[in-house]
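Working notes for the structure below.
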Amino acid sequence: MAIDRKTVEKISSLAKIKLNDTEADEITNELSNILEWIDQLNKVDTKNTPPMTGVIKSNLYQRDDLITEDKKLDEILINSPETTEGFFVVPRVVD
């Protein structure tokens with residue numbers, strides 16, 4: 001699967017990234033190569049391959065999810081410059 005220059009220009013426009021002609025050509029080639037590589041990977045038969053979490057087989061230690069320090073709300077909130085009703089007050093970031 002190849003990607004064309006028009007698609008790269010549309011993506012760069014949506015991402016608000018300005019590309020000159022040379023950069024657009026380079027990105028088009030790079031993305032086409034990536035998609036070809038993905039097509040090659042999709043052709044590999046992995047039906048009998050078990051999923052892996054890493055190269056070395058190991059079991060990670062898992063602790064019980066227990067509350068060990070209860071009733072520390074006041075000590076935690078004292079570090080905040082502003083609180084209300086037992087919560088941190090943070091600046092609004094979304095309008």
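Naming works like this for the structure tokens: A, B, ... for the chains as they're shown, residue 1 at the start of each chain, ligands 1 onward in shown order.
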
Which of segment 4-92 of chain A counts as strand (DSSP E or B) under DSSP, as a PDB file with C-alpha atoms, in the first residue's frame please?
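And here is the file that came out, out04.pdb:
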ATOM      1  CA  THR A  83      -8.274  23.373  47.843  1.00  0.00           C
ATOM      2  CA  THR A  84     -12.027  23.131  48.050  1.00  0.00           C
ATOM      3  CA  PHE A  87     -10.029  18.335  46.523  1.00  0.00           C
ATOM      4  CA  PHE A  88      -7.089  20.033  44.801  1.00  0.00           C
TER       5      PHE A  88
END

*Enumerate, as an MDAnalysis selection string, the complete set of residues in chain A that a backbone-based DSSP assignment places in alpha helix (DSSP H).*
chainID A and resid 5:14 21:42 73:77

*Find the residues near Glu9 of chain A: any atom within 12 Å, counting only C-alpha atoms, skip ones fewer than 4 places away on the same chain, and give them as number ranges by chain.*
A: 3-5, 13-21, 23-28

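When atom CA of Thr7 of chain A is paired with atom CA of Leu41 of chain A, their separation reads 22.9 Å.
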
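Between atom CA of Pro91 of chain A and atom CA of Ile76 of chain A lies a distance of 18.5 Å.
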
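The spacing separating atom CA of Ile34 of chain A from atom CA of Ile11 of chain A amounts to 15.8 Å.
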